[in-house]
Each structure stands twice: as C-alpha cells, then as structure tokens.
file query14.cif (mmCIF, C-alpha atoms)
data_query
#
loop_
_atom_site.label_atom_id
_atom_site.label_comp_id
_atom_site.auth_asym_id
_atom_site.auth_seq_id
_atom_site.Cartn_x
_atom_site.Cartn_y
_atom_site.Cartn_z
CA MET C 1 67.40 172.09 2.84
CA THR C 2 64.09 171.51 4.57
CA GLU C 3 61.29 170.02 2.47
CA SER C 4 57.55 170.29 3.16
CA PHE C 5 54.71 168.14 1.86
CA ARG C 6 51.89 169.84 -0.04
CA ARG C 7 48.47 168.43 -0.70
CA SER C 8 47.18 168.06 -4.27
CA GLY C 9 46.11 171.37 -5.78
CA GLU C 10 48.47 173.42 -3.61
CA TYR C 11 51.19 173.69 -6.22
CA PRO C 12 50.78 176.93 -8.23
CA GLN C 13 51.73 177.13 -11.87
CA GLY C 14 55.46 177.74 -12.22
CA ASP C 15 56.28 176.50 -8.70
CA HIS C 16 59.82 175.17 -8.56
CA GLN C 17 59.30 173.31 -5.27
CA GLN C 18 60.64 169.79 -5.71
CA SER C 19 58.96 166.56 -4.64
CA THR C 20 60.05 162.96 -4.25
CA TYR C 21 56.58 161.60 -4.95
CA SER C 22 55.77 159.91 -8.27
CA GLY C 23 52.42 160.43 -10.01
CA GLN C 24 51.00 161.85 -13.26
CA PRO C 25 53.39 163.45 -15.84
CA TYR C 26 54.35 166.89 -14.87
CA GLU C 27 52.97 169.56 -17.19
CA GLN C 28 54.94 172.67 -17.81
CA SER C 29 53.79 175.87 -19.42
CA HIS C 30 55.80 177.55 -22.13
CA GLU C 31 56.86 180.17 -19.63
CA GLN C 32 57.97 177.53 -17.18
CA ALA C 33 60.02 175.78 -19.83
CA HIS C 34 61.73 179.01 -20.70
CA GLU C 35 62.56 179.74 -17.05
CA GLN C 36 63.77 176.21 -16.48
CA ALA C 37 66.09 176.37 -19.50
CA HIS C 38 67.45 179.63 -18.18
CA ASP C 39 67.96 178.16 -14.70
CA GLN C 40 69.73 175.05 -15.97
CA ASN C 41 72.63 177.22 -17.20
CA ARG C 42 73.35 178.22 -13.63
CA ALA C 43 72.13 175.14 -11.74
CA SER C 44 75.58 173.65 -11.29
CA SER C 45 76.96 176.85 -9.80
CA VAL C 46 74.08 177.21 -7.35
CA ASN C 47 74.03 173.73 -5.86
CA PRO C 48 75.11 170.75 -7.95
CA GLU C 49 73.78 168.37 -5.29
CA TRP C 50 70.13 169.34 -5.82
CA PRO C 51 68.13 166.46 -7.37
CA PRO C 52 66.45 166.94 -10.79
CA PRO C 53 62.79 168.06 -10.95
CA PRO C 54 60.27 165.24 -10.47
CA ALA C 55 58.89 163.64 -13.64
CA TYR C 56 55.39 163.45 -12.22
CA ARG C 57 52.90 165.79 -10.61
CA PRO C 58 51.87 164.98 -7.03
CA ASP C 59 48.73 162.90 -6.58
CA GLN C 60 45.36 164.24 -7.52
CA GLN C 61 42.92 165.49 -4.94
CA GLY C 62 41.81 162.94 -2.34
CA ALA C 63 44.96 160.76 -2.37
CA ALA C 64 46.83 160.33 0.88
CA PRO C 65 50.48 161.31 0.50
CA THR C 66 51.77 158.57 2.79
CA ALA C 67 50.10 155.88 0.71
CA LEU C 68 52.87 156.25 -1.88
CA LEU C 69 55.59 155.15 0.58
CA SER C 70 56.21 151.65 -0.68
CA GLU C 71 59.10 150.91 1.75
CA PRO C 72 58.87 151.11 5.53
CA VAL C 73 60.35 154.19 7.05
CA PRO C 74 63.38 153.29 9.19
CA ALA C 75 63.09 154.30 12.84
CA PRO C 76 64.96 157.50 13.55
CA ALA C 77 68.31 157.05 15.27
CA PRO C 78 68.13 157.84 18.98
CA ALA C 79 69.38 161.29 19.82
CA PRO C 80 72.77 161.26 21.52
CA ARG C 81 72.61 161.68 25.28
CA LYS C 82 73.49 165.17 26.31
CA ARG C 83 76.12 165.76 28.96
CA ALA C 84 74.66 166.33 32.37
CA LYS C 85 74.94 169.92 33.42
CA GLY C 86 74.80 171.74 36.69
CA PRO C 87 74.80 169.91 40.06
CA LEU C 88 74.27 166.47 38.45
CA ALA C 89 77.44 166.82 36.39
CA LEU C 90 79.34 168.03 39.45
CA LEU C 91 78.22 165.05 41.52
CA ALA C 92 79.16 162.66 38.72
CA ALA C 93 82.64 164.17 38.56
CA VAL C 94 83.05 163.94 42.32
CA ALA C 95 81.90 160.31 42.23
CA ILE C 96 84.62 159.47 39.71
CA ALA C 97 87.24 161.19 41.84
CA ALA C 98 86.00 159.40 44.96
CA ALA C 99 86.24 156.03 43.22
CA ALA C 100 89.79 156.86 42.18
CA VAL C 101 91.20 157.91 45.47
CA GLY C 102 88.86 156.39 48.06
CA GLY C 103 89.27 157.11 51.77
CA GLY C 104 88.44 160.64 52.92
CA THR C 105 87.40 161.74 49.42
CA ALA C 106 84.78 159.03 49.31
CA TYR C 107 83.40 160.32 52.61
CA ALA C 108 83.32 163.87 51.20
CA PHE C 109 81.23 162.59 48.29
CA GLN C 110 78.80 160.84 50.62
CA GLU C 111 78.33 164.03 52.60
CA LEU C 112 77.85 166.07 49.43
CA THR C 113 75.07 163.84 48.15
CA GLY C 114 73.54 163.25 51.54
CA ASP C 115 73.63 159.47 50.99
CA GLY C 116 76.25 158.52 53.55
CA THR C 117 77.42 159.14 57.08
CA VAL C 118 80.70 159.00 58.91
CA ALA C 119 81.81 155.46 59.71
CA ALA C 120 80.68 154.32 63.14
CA GLY C 121 83.13 155.09 65.89
CA SER C 122 84.95 157.89 64.11
CA SER C 123 85.03 161.36 65.59
CA THR C 124 86.06 163.44 62.60
CA SER C 125 85.85 163.33 58.83
CA THR C 126 89.57 163.82 58.37
CA SER C 127 91.52 160.60 57.91
CA VAL C 128 95.30 160.23 57.92
CA VAL C 129 95.18 156.43 57.77
CA ALA C 130 95.77 154.68 54.44
CA ALA C 131 92.46 153.68 52.83
CA SER C 132 93.50 150.01 52.71
CA LYS C 133 94.10 150.01 56.49
CA LYS C 134 91.40 152.39 57.63
CA GLY C 135 89.71 151.38 60.87
CA THR C 136 92.57 149.11 61.98
CA VAL C 137 94.97 149.51 64.89
CA ALA C 138 97.85 148.67 62.54
CA GLY C 139 96.79 151.45 60.17
CA VAL C 140 96.58 154.01 62.97
CA ALA C 141 99.95 152.95 64.40
CA GLU C 142 101.63 153.19 61.00
CA ALA C 143 100.20 156.63 60.29
CA VAL C 144 100.68 158.27 63.70
CA SER C 145 103.78 156.65 65.25
CA PRO C 146 106.17 159.03 63.40
CA SER C 147 104.47 161.90 65.27
CA ILE C 148 105.01 160.45 68.78
CA VAL C 149 108.24 160.99 70.70
CA GLU C 150 109.86 159.87 73.94
CA ILE C 151 110.84 162.61 76.39
CA SER C 152 113.57 162.25 79.02
CA ALA C 153 113.61 165.03 81.60
CA THR C 154 116.48 165.50 84.06
CA SER C 155 116.22 167.58 87.23
CA ASN C 156 117.85 167.85 90.65
CA ALA C 157 115.42 165.18 91.88
CA GLY C 158 116.47 162.68 89.23
CA SER C 159 115.14 161.78 85.80
CA SER C 160 111.79 160.78 84.41
CA THR C 161 110.44 159.46 81.12
CA GLY C 162 107.32 160.58 79.33
CA SER C 163 105.94 161.00 75.83
CA GLY C 164 104.99 163.83 73.52
CA VAL C 165 103.19 164.64 70.26
CA ILE C 166 104.78 166.58 67.38
CA ILE C 167 102.32 169.24 66.21
CA THR C 168 104.38 171.29 63.71
CA THR C 169 107.08 170.61 61.14
CA GLY C 170 109.25 173.10 63.02
CA GLY C 171 109.48 170.76 66.01
CA GLU C 172 106.80 171.96 68.44
CA ILE C 173 105.77 169.16 70.81
CA ILE C 174 102.82 168.95 73.20
CA THR C 175 103.24 166.98 76.43
CA ASN C 176 102.09 167.02 80.05
CA ASN C 177 103.43 169.71 82.31
CA HIS C 178 104.31 167.10 84.91
CA VAL C 179 106.61 165.33 82.41
CA ILE C 180 108.99 168.30 82.09
CA SER C 181 108.20 170.25 85.27
CA GLY C 182 111.41 171.38 87.00
CA ALA C 183 113.64 169.83 84.34
CA SER C 184 117.10 171.28 83.78
CA GLN C 185 117.59 169.29 80.59
CA ILE C 186 115.15 167.76 78.12
CA LYS C 187 116.04 165.11 75.54
CA VAL C 188 113.63 163.99 72.84
CA GLN C 189 113.95 160.75 70.94
CA LEU C 190 112.12 160.58 67.62
CA ASN C 191 110.43 157.52 66.20
CA ASN C 192 113.51 156.90 64.01
CA GLY C 193 115.73 156.63 67.10
CA LYS C 194 117.52 159.97 66.71
CA SER C 195 117.73 162.23 69.78
CA TYR C 196 117.59 166.02 70.05
CA THR C 197 117.71 168.60 72.81
CA ALA C 198 114.49 170.50 73.46
CA LYS C 199 113.61 173.71 75.26
CA VAL C 200 110.46 174.68 77.13
CA VAL C 201 108.29 177.20 75.28
CA GLY C 202 105.40 177.46 77.71
CA THR C 203 103.68 175.59 80.55
CA ASP C 204 100.19 175.54 82.04
CA SER C 205 100.10 173.60 85.28
CA LYS C 206 96.36 174.27 85.68
CA LYS C 207 95.70 172.16 82.60
CA ASP C 208 98.78 169.93 83.04
CA LEU C 209 100.03 170.93 79.58
CA ALA C 210 103.39 172.04 78.27
CA LEU C 211 104.80 173.03 74.89
CA ILE C 212 108.44 172.25 74.11
CA GLU C 213 110.42 172.75 70.90
CA LEU C 214 113.32 170.85 69.37
CA GLU C 215 116.57 172.77 69.03
CA ASP C 216 118.01 172.37 65.53
CA ALA C 217 114.93 170.44 64.49
CA PRO C 218 115.51 168.19 61.47
CA SER C 219 113.51 168.50 58.27
CA GLY C 220 110.86 165.97 57.43
CA LEU C 221 109.10 165.88 60.80
CA THR C 222 105.58 164.46 60.68
CA PRO C 223 103.11 166.58 62.67
CA ALA C 224 100.05 164.86 64.08
CA THR C 225 96.52 165.84 63.07
CA LEU C 226 94.52 167.27 65.97
CA GLY C 227 90.95 166.01 65.90
CA ASP C 228 87.75 167.05 67.67
CA SER C 229 87.30 165.70 71.19
CA ASP C 230 83.78 167.17 71.41
CA ALA C 231 82.68 164.62 68.80
CA VAL C 232 84.00 161.64 70.78
CA LYS C 233 81.39 159.19 72.05
CA VAL C 234 81.50 156.50 74.71
CA GLY C 235 82.38 153.24 72.98
CA ASP C 236 84.52 154.82 70.24
CA GLU C 237 87.59 152.73 69.51
CA VAL C 238 90.91 154.40 70.32
CA VAL C 239 94.64 153.74 70.14
CA ALA C 240 97.28 154.95 72.61
CA ILE C 241 100.92 155.44 71.61
CA GLY C 242 103.73 156.35 74.00
CA SER C 243 106.82 155.12 75.83
CA PRO C 244 105.68 153.23 78.94
CA GLU C 245 108.67 152.28 81.11
CA GLY C 246 110.92 153.66 78.36
CA LEU C 247 109.60 151.21 75.75
CA THR C 248 109.50 153.68 72.85
CA GLY C 249 106.60 153.56 70.41
CA THR C 250 104.41 151.14 72.38
CA VAL C 251 100.90 150.80 70.91
CA THR C 252 97.82 149.76 72.86
CA SER C 253 94.12 149.93 72.02
CA GLY C 254 90.72 150.05 73.65
CA ILE C 255 87.64 152.24 73.76
CA VAL C 256 86.52 155.51 75.28
CA SER C 257 84.86 154.24 78.46
CA ALA C 258 83.57 157.55 79.86
CA LEU C 259 83.53 161.28 79.22
CA ASP C 260 84.05 164.39 81.38
CA ARG C 261 85.72 162.69 84.31
CA ASP C 262 86.93 165.15 86.94
CA VAL C 263 90.60 164.33 87.41
CA THR C 264 92.68 166.23 89.96
CA VAL C 265 96.48 166.43 89.68
CA SER C 266 99.21 168.24 91.57
CA THR C 267 100.45 171.63 90.43
CA ASP C 268 103.29 171.59 92.96
CA GLU C 269 106.43 171.14 90.90
CA SER C 270 108.49 169.47 93.61
CA GLN C 271 105.61 167.29 94.78
CA GLY C 272 104.93 165.98 91.32
CA GLN C 273 108.57 165.31 90.45
CA GLN C 274 109.20 163.49 93.72
CA GLN C 275 106.25 161.19 93.17
CA GLN C 276 106.92 160.54 89.48
CA GLN C 277 110.60 159.83 89.91
CA GLY C 278 110.17 157.08 92.44
CA GLY C 279 108.79 158.53 95.65
CA GLY C 280 105.24 157.44 94.94
CA SER C 281 103.50 154.29 93.83
CA GLY C 282 105.54 152.72 91.06
CA GLY C 283 106.98 156.06 89.98
CA GLN C 284 103.63 157.18 88.58
CA TRP C 285 102.04 160.59 88.51
CA PRO C 286 99.65 160.99 91.46
CA PHE C 287 96.08 162.07 90.81
CA GLU C 288 92.76 162.25 92.57
CA PHE C 289 89.44 160.99 91.30
CA GLY C 290 86.08 160.68 93.06
CA GLY C 291 87.49 161.97 96.33
CA ARG C 292 90.23 159.32 96.42
CA GLN C 293 93.94 159.69 95.71
CA PHE C 294 95.85 157.29 93.51
CA ASN C 295 99.56 156.72 92.85
CA GLY C 296 100.61 158.75 95.86
CA ASP C 297 99.83 162.08 97.45
CA THR C 298 98.83 164.96 95.16
CA GLY C 299 99.69 167.46 97.88
CA SER C 300 97.80 170.60 98.75
CA SER C 301 98.30 172.46 95.46
CA THR C 302 96.10 170.81 92.83
CA THR C 303 94.07 171.46 89.71
CA THR C 304 91.09 169.62 88.23
CA TYR C 305 90.21 169.13 84.56
CA LYS C 306 87.63 167.20 82.56
CA ALA C 307 89.18 164.08 81.08
CA LEU C 308 88.39 161.34 78.60
CA GLN C 309 88.45 157.93 80.27
CA THR C 310 89.81 154.95 78.35
CA ASP C 311 90.49 151.28 78.95
CA ALA C 312 93.45 151.35 76.53
CA SER C 313 96.46 150.22 78.56
CA LEU C 314 98.46 153.16 79.97
CA ASN C 315 101.57 152.78 82.11
CA PRO C 316 104.26 155.07 83.55
CA GLY C 317 105.86 156.80 80.57
CA ASN C 318 102.63 157.11 78.59
CA SER C 319 102.06 160.56 80.11
CA GLY C 320 102.10 163.20 77.37
CA GLY C 321 101.51 160.64 74.63
CA ALA C 322 98.57 160.43 72.26
CA LEU C 323 95.08 159.02 72.48
CA ILE C 324 93.99 158.58 68.86
CA ASP C 325 90.74 157.84 67.03
CA MET C 326 90.53 155.24 64.27
CA ASN C 327 91.00 157.90 61.58
CA GLY C 328 94.42 158.71 63.02
CA ASN C 329 93.43 162.01 64.65
CA ILE C 330 94.66 162.98 68.12
CA ILE C 331 91.67 163.27 70.45
CA GLY C 332 93.52 163.46 73.77
CA ILE C 333 96.87 163.73 75.57
CA ASN C 334 97.28 160.83 78.01
CA SER C 335 97.90 162.19 81.48
CA ALA C 336 96.99 159.80 84.31
CA MET C 337 96.33 156.14 85.04
CA TYR C 338 95.09 154.19 87.99
CA SER C 339 97.40 151.56 89.45
CA ALA C 340 96.46 148.81 91.85
CA ALA C 341 99.76 149.23 93.70
CA THR C 342 99.34 151.00 97.02
CA ASP C 343 102.96 151.77 97.95
CA SER C 344 106.41 151.94 96.47
CA SER C 345 107.40 148.53 97.86
CA SER C 346 104.81 146.88 95.61
CA SER C 347 105.76 148.72 92.46
CA SER C 348 106.33 145.42 90.66
CA SER C 349 102.56 144.91 90.71
CA ALA C 350 101.90 148.35 89.27
CA GLY C 351 100.35 148.45 85.84
CA SER C 352 97.29 149.34 83.86
CA VAL C 353 93.96 148.06 85.08
CA GLY C 354 91.96 149.74 82.34
CA LEU C 355 91.43 153.12 83.98
CA GLY C 356 93.34 155.74 82.05
CA PHE C 357 92.64 159.43 81.56
CA ALA C 358 93.47 161.88 78.78
CA ILE C 359 93.21 165.65 78.44
CA PRO C 360 90.75 166.37 75.58
CA VAL C 361 92.51 167.70 72.48
CA ASN C 362 90.09 170.64 72.24
CA THR C 363 91.49 171.82 75.58
CA VAL C 364 94.96 171.58 74.04
CA LYS C 365 93.97 173.55 70.94
CA ALA C 366 92.36 176.27 73.03
CA ASP C 367 95.55 176.59 75.10
CA LEU C 368 98.08 176.61 72.25
CA ALA C 369 98.26 180.38 71.78
CA SER C 370 98.86 180.85 75.49
CA LEU C 371 101.53 178.14 75.57
CA ARG C 372 103.36 179.71 72.63
CA ALA C 373 103.38 182.99 74.54
CA GLY C 374 104.94 181.34 77.59
CA GLY C 375 101.86 179.75 79.13
CA ALA C 376 99.86 180.52 82.23
CA ASP C 377 102.91 179.79 84.39
CA GLY C 378 105.24 182.00 82.34
#
call {"tool": "encode", "arguments": {"input": "query14.cif", "output": "structure tokens"}}
result
Amino acid sequence: MTESFRRSGEYPQGDHQQSTYSGQPYEQSHEQAHEQAHDQNRASSVNPEWPPPPAYRPDQQGAAPTALLSEPVPAPAPAPRKRAKGPLALLAAVAIAAAAVGGGTAYAFQELTGDGTVAAGSSTSTSVVAASKKGTVAGVAEAVSPSIVEISATSNAGSSTGSGVIITTGGEIITNNHVISGASQIKVQLNNGKSYTAKVVGTDSKKDLALIELEDAPSGLTPATLGDSDAVKVGDEVVAIGSPEGLTGTVTSGIVSALDRDVTVSTDESQGQQQQQGGGSGGQWPFEFGGRQFNGDTGSSTTTYKALQTDASLNPGNSGGALIDMNGNIIGINSAMYSAATDSSSSSSAGSVGLGFAIPVNTVKADLASLRAGGADG
C-alpha cells in the first residue's frame, strides 16, 4: 500500500487516510465516529495487517513534516544488479566458455570481441593441437602423426618408398604422383604399424599429385585437417612428417623460407621411376629450379608448379608427406628437396641442406574433385 505525505490543512473532514506522524489529538466528528464504528466490524476481514488510525492530527500549518523524524533514515539497500542482456550477455557467456575449454575457443572469443588476433606464425584459426602443447613441435607431432602414412610402391623398375596424408575416415590418402607412378602394387603402413593394400583413385602428373585409397580400410582412421596455404607467411614455423629412407614417422621442423618458388618435375613415368629408384642422385626425385637440374635428369617431359620453400629437413622418402603449421593444419605436400650429391656414386653424402619444396595445400584442395574422378591423367 503506497502512502503519501500531506501538508497541514490538506486532510478533509472524515478522511480515513492514515499517517505515521504524531501531533495534536485527532478530532472526530459524530459522523466520523459512526462510520469508524461501522468499519471496525469489517476491518479484520479487509486487511488485518493495517495499522490503527493515528492518535494525533498531523502538524499545524507551517511545520515541516521531516522535522518529526527523530531517528535517521537508513540508506536504501542497493538495487540488485540486473542480468546483462543482448550482446553483452552473449559475450560474457562466450568468455566463460572460452575460459573453460581454452585453445581454439579462446581464439574465437578474441575474434568476436575484436580484442585479439591469431597467434604469430599461425596460418589458420583452426587448431588440432592440444591447448597445453599448442605452438610446440611435440604438440604438432602428437596430433598429426596418426594421419601420416608410409607408402611402398612396387613396379617393374623396382620399389620405392614415400609418404602420404590420410584425408578421410574412409581411407583416402593424398601423396605425390611420382611416389606411386607406374606401381603395380601399393602397400600402406599406418602410424600404428599395421599395413594395408591401396589402390590408385586418380593421378595428376601436371601437379605431381595422386589420390589412393586403402582397401578394407579399418575404422578409427584419423584424417588430417587441411589448412590454408594462402595465409602462410615467410618465417612461419612448420613441421614436416614422413618416412625418409624408410624411417616411418620421422619429424623435423623449420620455417617457411620462401613462397611461390617455380619447381619443375618430370611427368615421364619411366624417367621419374628410374631416377627415384636408384638411377639418379641418391635415389631422389629429380627436379629443376632456377634453370638448374637437381637429383638427376628430369627428362624432356616436365611440369612446373608454385611451391612453398622450407628449411625443415627433407630426405628421400619424405615425398608425399605433410608440411604442417603450428596449429596442426596441413599447409603443403612435400615433393622435392635439393641434395648436394652430384652423382649416384656419392649417394652417401646425399641429404637435406635446408632446401625443400612442398605443393601448397590449396592446390591439393582445388584438385581433389578431379582426382576422385580419376584425375587429369585418367
């Protein structure tokens, strides 16, 4: 029940408005007394919590009502804070979720509020590395190694070893065309050591890419996450995983040392197999760069593509393996490396000198539909 203060003289005769002020005795008319007696019979049924009428009339004219307050008025209790609504409430909820799960969610929150940026050196917002190991080579290796396989290809010219990247749970694997070119049989060894037979789905010698698929693929395969090679910058840290010299699951690291390098490789199936399987320098895939040929003769039938250059150590057998950013995303398929060896007799001196090349993953993604349909060579 809301009460209002009235100044002296504003109370009409017979007014039943109640007051908490004390003053002169309250005078009632005969009519008032009669009405009050009548009302008392029903007072309890109307509202038994109403206080009795005041015993005194409010102050006479000229008196200030607040002067009668003999005790200090307690300060009003602060109003409870209202829940934030709209965008502020949404951001608060996202902040709580980001604190709970960390990692990629925290980045999403930073982008939403405009207060943060992607960590230096990363090329994509997606992270497959555990938050506690993000930005470390160990974290990348742990997250991505299950997606990298060793490929053994057998042909009339002999056998060769390369690497590949699992891209679907059904067993699709991306590798270099030169790894499986001319092969009559393909064996794939998973990260857990188990081996499976694979078949060729499609090849594209112009891009040195091939898509193979496991026969009777097991369940539980871990597909890699394909990143964005257009976002890669010179100086970004990278990790390479493959099977150099048949050493399955070898991990090396370095940086992206250059972009858009024109690398020329052979598209001649017999030429490439002969060189890779021992006829060339150290059994490595021949390529041409800057008008010079490395690792043997590329022959007359060649193709050129734009490559990422890296100083991460690459050796024979790394071909078809993954070049990975520090968030665990594939940014390239390793395809060629420079070797200081100049002929097959000095193959013992062959090895990485910090000049490796990878096919950008955006080239791979753009070619996937064609490869699944048999490829440009199909």
call {"tool": "closest_residue", "arguments": {"input": "query14.cif", "among": "C:Ala373, C:Leu308, C:Val140, C:Ile331", "to": "Gly356 in chain C", "atoms": "all atoms listed in the file"}}
result
C:Leu308
call {"tool": "residues_around", "arguments": {"input": "query14.cif", "residues": "Ala258 in chain C", "least_positions_apart": "2", "cutoff": "9 Å", "atoms": "all atoms listed in the file", "output": "PyMOL selection string"}}
result
chain C and resi 233-235+256+260-261+307-310
call {"tool": "residues_around", "arguments": {"input": "query14.cif", "residues": "range 320-328 of chain C", "least_positions_apart": "3", "cutoff": "6 Å", "atoms": "all atoms listed in the file", "output": "list in words"}}
result
Ser127, Val128, Val129, Gly135, Val140, Ser163, Gly164, Thr175, Asn176, Val238, Val239, Ala240, Ile241, Gly242, Ile331, Gly332, Ile333, Asn334 and Ser335 of chain C
call {"tool": "residues_around", "arguments": {"input": "query14.cif", "residues": "Ala217 in chain C", "least_positions_apart": "4", "cutoff": "10 Å", "atoms": "all atoms listed in the file", "output": "list in words"}}
result
Thr169, Gly170, Gly171, Glu172, Tyr196, Thr197, Ala198, Glu213 and Leu221 of chain C
call {"tool": "resolve_selection", "arguments": {"input": "query14.cif", "expression": "the PyMOL selection byres ((chain C and resi 223) around 8)", "output": "PyMOL selection string"}}
result
chain C and resi 147+165-169+221-222+224-225
call {"tool": "resolve_selection", "arguments": {"input": "query14.cif", "expression": "the PyMOL selection byres ((chain C and resi 192) around 12)", "output": "PyMOL selection string"}}
result
chain C and resi 145-150+188-191+193-196+218+220-222+248-249
call {"tool": "atom_distance", "arguments": {"input": "query14.cif", "atom1": "CA of Val265 in chain C", "atom2": "CA of Thr302 in chain C"}}
result
5.4 Å
call {"tool": "atom_distance", "arguments": {"input": "query14.cif", "atom1": "CA of Ser370 in chain C", "atom2": "CA of Lys306 in chain C"}}
result
19.0 Å
call {"tool": "atom_distance", "arguments": {"input": "query14.cif", "atom1": "CA of Ser132 in chain C", "atom2": "CA of Thr250 in chain C"}}
result
22.5 Å
call {"tool": "closest_residue", "arguments": {"input": "query14.cif", "among": "C:Leu355, C:Ile212, C:Ile330, C:Ala336", "to": "Glu288 in chain C", "atoms": "all atoms listed in the file"}}
result
C:Ala336
call {"tool": "residues_around", "arguments": {"input": "query14.cif", "residues": "Thr363 in chain C", "least_positions_apart": "5", "cutoff": "9 Å", "atoms": "all atoms listed in the file", "output": "ChimeraX atom specification"}}
result
/C:207,229,332,368
call {"tool": "axis_aligned_box", "arguments": {"input": "query14.cif", "around": "range 151-164 of chain C", "padding_each_side": "5 Å", "output": "lines of an AutoDock Vina configuration file"}}
result
center_x = 111.4
center_y = 163.7
center_z = 82.7
size_x = 22.9
size_y = 18.4
size_z = 28.4
call {"tool": "resolve_selection", "arguments": {"input": "query14.cif", "expression": "the PyMOL selection byres ((chain C and resi 367) around 12)", "output": "count of residues only"}}
result
28
call {"tool": "closest_residue", "arguments": {"input": "query14.cif", "among": "C:Val251, C:Ala157, C:Val137, C:Leu259", "to": "Asp230 in chain C", "atoms": "only C-alpha atoms"}}
result
C:Leu259
call {"tool": "residues_near_point", "arguments": {"input": "query14.cif", "point": "(95.2, 150.7, 82.5)", "cutoff": "9 Å", "atoms": "only C-alpha atoms", "output": "number ranges by chain"}}
result
C: 310-315, 337-339, 351-356
call {"tool": "write_last_selection", "arguments": {"input": "query14.cif", "atoms": "C-alpha atoms", "output": "CSV table (one decimal), in the frame of the given file"}}
result
chain,number,residue,atom,x,y,z
C,310,THR,CA,89.8,155.0,78.4
C,311,ASP,CA,90.5,151.3,79.0
C,312,ALA,CA,93.4,151.4,76.5
C,313,SER,CA,96.5,150.2,78.6
C,314,LEU,CA,98.5,153.2,80.0
C,315,ASN,CA,101.6,152.8,82.1
C,337,MET,CA,96.3,156.1,85.0
C,338,TYR,CA,95.1,154.2,88.0
C,339,SER,CA,97.4,151.6,89.4
C,351,GLY,CA,100.4,148.4,85.8
C,352,SER,CA,97.3,149.3,83.9
C,353,VAL,CA,94.0,148.1,85.1
C,354,GLY,CA,92.0,149.7,82.3
C,355,LEU,CA,91.4,153.1,84.0
C,356,GLY,CA,93.3,155.7,82.0
call {"tool": "closest_residue", "arguments": {"input": "query14.cif", "among": "C:Ile186, C:Val179, C:Val232, C:Ala130", "to": "Lys199 in chain C", "atoms": "all atoms listed in the file"}}
result
C:Ile186
